[in-house]
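Trainee: Provided herewith is a single structure, encoded as structure tokens, for subsequent inquiry.
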Amino acid sequence: MIVLKLGGSAITEKDRPETLDGKSLTAAAAAVSTAFETGDGDSDGDAIEELVIVHGGGSFGHHNASEHGVTTTAGSHDPAAVHDIHGAMTTLNEFVLSRLLEYDVPAVPVHPFSTAHRDSDGDLTLPSQQVSTLVEEGFVPVLHGDLVAHAGEGVTVVSGDELVVDLARSLDADRIGLCSTVPGVLDDADEVVPEIASFDAVADILGESEATDVTGGMAAKVQALLELEPEASIFGLGDIEPFLAGDEPGTTVR
């Protein structure tokens with residue numbers, strides 16, 4: 001089982017509200033398709049059979065969430081906020097699904113707003129039986145950053161990174177990959193950090209996202225991935241195909 005995240009900043013123009021980066025999305029879809037067609041994805045050379053994709057919000061979700069003051073912890077009871085934020089994310093999800101389908105990837109939508117919730121402590125519950133059944137039936141479920149019901153807060157944001165972590169655990173994923181706009185976690189000299197085993201070792205070099213991001217940027221990604229049992233890779237758009245072929249491009253988080 002592979003869980004692959006397409007970062008919102010990698011498939012949208014994140015500093016321009018609700019603007020798709022069509023060229024990058026096409027490249028991502030083509031890379032995923034190639035893995036299916038060539039049989040990349042494991043050491044035996046068999047075709048990928050178990051893949052779940054999660055994509056971030058980019059300029060669709062983050063812009064609207066910021067406009068309404070909604071984050072992963074600060075909620076809203078305004079129906080207009082729900083329609084704006086969730087609506088923008090489903091629009092982006094349709095773009096992603098359409099491009100994957102154009103490249104013969106059997107992608108289908110799974111919207112977290114309809115399945116997940118947080119309790120009053122903010123702990124996320126994301127039932128995974130729907131996702132695992134879709135995978136077993138030959139589909140590629142595509143989830144996305146979204147809103148979720150949150151006890152005491154109305155609705156709050158669930159980030160794509162949170163979804164990746166939760167799904168990796170519940171689906172017992174073998175490999176996890178996060179595609180970003182950069183070729184990995186970069187140090188002060190803009191060189192890729194090959195391996196991260198603790199957050200303290202890289203805390204000083206992990207800053208905030210330059211564009212609007214209500215979910216924590218690279219620092220949040222690394223912290224979330226360090227919580228997982230399997231190793232994870234953070235890499236750029238051009239490394240999706242090598243990752244799906246079994247390589248460990250970019251930064252490995254252990």
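Convention: chains lettered A, B, ... in structure tokens order; per-chain residue numbering from 1; ligands numbered from 1 as shown.
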Quick one: residues within 8 Å of Gly138 in chain A, only C-alpha atoms counted, chain neighbours fewer than 6 positions away excluded, as a PyMOL selection string?

Mentor: chain A and resi 49-50+106

Trainee: Please, could you write that set of residues out with C-alpha atoms as a PDB file, in the first residue's frame?

Mentor:
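Output below, filename again_38.pdb:
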```pdb
ATOM      1  CA  GLU A  49      -2.368  -2.341  -7.134  1.00  0.00           C
ATOM      2  CA  GLU A  50      -2.810  -0.423  -3.887  1.00  0.00           C
ATOM      3  CA  PRO A 106      -8.927   4.712 -11.879  1.00  0.00           C
TER       4      PRO A 106
END
```

Trainee: For CA of Phe139 in chain A and CA of Gly61 in chain A, determine how far apart the two atoms are, in Å to one decimal place.

Mentor: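 Atom-to-atom, CA of Phe139 in chain A to CA of Gly61 in chain A, that is 24.9 Å.
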
Trainee: For range 130-231 of chain A versus range 67-90 of chain A, which residues have an atom no more than 12 Å away, and what is each residue's nearest atom pair and distance in Å rounded to one decimal, using only C-alpha atoms, chain-then-number order, as a Markdown table?

Mentor:
```
| residue | atom | partner | partner_atom | distance |
| --- | --- | --- | --- | --- |
| A:Val142 | CA | A:Thr90 | CA | 11.0 |
| A:Leu143 | CA | A:Thr90 | CA | 9.8 |
| A:His144 | CA | A:Met89 | CA | 7.3 |
| A:Gly145 | CA | A:Met89 | CA | 7.2 |
| A:Asp146 | CA | A:His86 | CA | 6.0 |
| A:Leu147 | CA | A:His86 | CA | 6.2 |
| A:Val148 | CA | A:His86 | CA | 9.3 |
| A:Ala149 | CA | A:Gly75 | CA | 9.2 |
| A:His150 | CA | A:Gly75 | CA | 7.6 |
| A:Ala151 | CA | A:Gly75 | CA | 9.7 |
| A:Gly152 | CA | A:Gly75 | CA | 8.6 |
| A:Glu153 | CA | A:Gly75 | CA | 4.8 |
| A:Gly154 | CA | A:His77 | CA | 4.8 |
| A:Val155 | CA | A:Gly75 | CA | 5.1 |
| A:Thr156 | CA | A:Gly75 | CA | 4.6 |
| A:Val157 | CA | A:Thr72 | CA | 4.4 |
| A:Val158 | CA | A:Thr72 | CA | 5.9 |
| A:Ser159 | CA | A:Thr72 | CA | 7.3 |
| A:Gly160 | CA | A:Thr72 | CA | 11.1 |
| A:Asp161 | CA | A:Thr72 | CA | 11.4 |
| A:Glu162 | CA | A:Thr72 | CA | 9.8 |
| A:Thr212 | CA | A:Glu67 | CA | 10.3 |
| A:Asp213 | CA | A:Thr71 | CA | 9.2 |
| A:Val214 | CA | A:Thr71 | CA | 5.5 |
| A:Thr215 | CA | A:Thr72 | CA | 6.5 |
| A:Gly216 | CA | A:Thr72 | CA | 9.3 |
| A:Ala220 | CA | A:Thr72 | CA | 11.7 |
```

Trainee: Would you please work out which residue, of A:Leu92, A:Val32, A:Met1, A:Val165, is nearest to Thr19 in chain A when using only C-alpha atoms?

Mentor: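 Looking at the shortest contact to Thr19 in chain A, the residue is A:Leu92.
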
Trainee: I'd like the contact shell of Leu244 in chain A - 10 Å cut-off, only C-alpha atoms, skipping same-chain residues fewer than 3 positions apart - returned as JSON, numbers by chain.

Mentor: {"A": [2, 4, 31, 32, 34, 35, 36, 39, 40, 41, 42, 48, 51, 175, 176, 177, 239, 240, 241, 247, 248]}

Trainee: Taking 4 positions as the minimum chain separation for residues in the same chain, which residues sit within 6 Å of range 187-196 of chain A when counting only C-alpha atoms? Answer as JSON, numbers by chain.

Mentor: {"A": [205, 251, 252, 253]}

Trainee: Name the residues in contact with Ser59 in chain A at a cut-off of 8 Å, using only C-alpha atoms, excluding same-chain residues fewer than 4 positions from it; report them as a PDB file with N, CA, C and O atoms, in the first residue's frame.

Mentor:
```pdb
ATOM      1  N   GLY A   8      -0.544  20.864  -2.260  1.00  0.00           N
ATOM      2  CA  GLY A   8      -1.351  21.890  -2.905  1.00  0.00           C
ATOM      3  C   GLY A   8      -0.506  22.919  -3.626  1.00  0.00           C
ATOM      4  O   GLY A   8      -0.876  23.424  -4.697  1.00  0.00           O
ATOM      5  N   SER A   9       0.668  23.229  -3.059  1.00  0.00           N
ATOM      6  CA  SER A   9       1.555  24.203  -3.688  1.00  0.00           C
ATOM      7  C   SER A   9       2.185  23.662  -4.960  1.00  0.00           C
ATOM      8  O   SER A   9       2.687  24.430  -5.785  1.00  0.00           O
ATOM      9  N   THR A  12      -1.109  23.873  -7.687  1.00  0.00           N
ATOM     10  CA  THR A  12      -1.817  25.137  -7.877  1.00  0.00           C
ATOM     11  C   THR A  12      -0.810  26.287  -7.829  1.00  0.00           C
ATOM     12  O   THR A  12       0.318  26.127  -7.370  1.00  0.00           O
ATOM     13  N   GLU A  13      -1.255  27.434  -8.308  1.00  0.00           N
ATOM     14  CA  GLU A  13      -0.471  28.656  -8.140  1.00  0.00           C
ATOM     15  C   GLU A  13      -0.860  29.210  -6.773  1.00  0.00           C
ATOM     16  O   GLU A  13      -1.862  29.906  -6.632  1.00  0.00           O
ATOM     17  N   LYS A  14      -0.084  28.879  -5.760  1.00  0.00           N
ATOM     18  CA  LYS A  14      -0.548  29.086  -4.390  1.00  0.00           C
ATOM     19  C   LYS A  14      -0.674  30.550  -3.986  1.00  0.00           C
ATOM     20  O   LYS A  14      -1.382  30.883  -3.047  1.00  0.00           O
ATOM     21  N   ASP A  15       0.027  31.446  -4.689  1.00  0.00           N
ATOM     22  CA  ASP A  15      -0.092  32.860  -4.359  1.00  0.00           C
ATOM     23  C   ASP A  15      -1.143  33.580  -5.204  1.00  0.00           C
ATOM     24  O   ASP A  15      -1.285  34.790  -5.124  1.00  0.00           O
ATOM     25  N   ARG A  16      -1.892  32.799  -6.001  1.00  0.00           N
ATOM     26  CA  ARG A  16      -2.987  33.367  -6.806  1.00  0.00           C
ATOM     27  C   ARG A  16      -4.253  32.574  -6.478  1.00  0.00           C
ATOM     28  O   ARG A  16      -4.333  31.375  -6.784  1.00  0.00           O
ATOM     29  N   PRO A  17      -5.243  33.191  -5.834  1.00  0.00           N
ATOM     30  CA  PRO A  17      -6.426  32.468  -5.374  1.00  0.00           C
ATOM     31  C   PRO A  17      -7.096  31.631  -6.465  1.00  0.00           C
ATOM     32  O   PRO A  17      -7.320  32.107  -7.585  1.00  0.00           O
ATOM     33  N   GLU A  18      -7.356  30.378  -6.099  1.00  0.00           N
ATOM     34  CA  GLU A  18      -8.102  29.430  -6.938  1.00  0.00           C
ATOM     35  C   GLU A  18      -7.566  29.370  -8.363  1.00  0.00           C
ATOM     36  O   GLU A  18      -8.305  29.455  -9.339  1.00  0.00           O
ATOM     37  N   THR A  19      -6.241  29.191  -8.461  1.00  0.00           N
ATOM     38  CA  THR A  19      -5.590  29.090  -9.761  1.00  0.00           C
ATOM     39  C   THR A  19      -4.836  27.767  -9.844  1.00  0.00           C
ATOM     40  O   THR A  19      -3.943  27.491  -9.045  1.00  0.00           O
ATOM     41  N   LEU A  20      -5.201  26.963 -10.821  1.00  0.00           N
ATOM     42  CA  LEU A  20      -4.588  25.652 -11.010  1.00  0.00           C
ATOM     43  C   LEU A  20      -3.263  25.786 -11.749  1.00  0.00           C
ATOM     44  O   LEU A  20      -3.110  26.626 -12.632  1.00  0.00           O
ATOM     45  N   HIS A  63      -6.679  29.783   0.646  1.00  0.00           N
ATOM     46  CA  HIS A  63      -7.167  31.156   0.453  1.00  0.00           C
ATOM     47  C   HIS A  63      -8.526  31.340   1.114  1.00  0.00           C
ATOM     48  O   HIS A  63      -8.750  32.303   1.872  1.00  0.00           O
ATOM     49  N   THR A 212       0.027  31.721   1.585  1.00  0.00           N
ATOM     50  CA  THR A 212      -0.953  31.490   2.646  1.00  0.00           C
ATOM     51  C   THR A 212      -1.137  30.003   2.896  1.00  0.00           C
ATOM     52  O   THR A 212      -1.480  29.243   2.009  1.00  0.00           O
TER      53      THR A 212
END
```
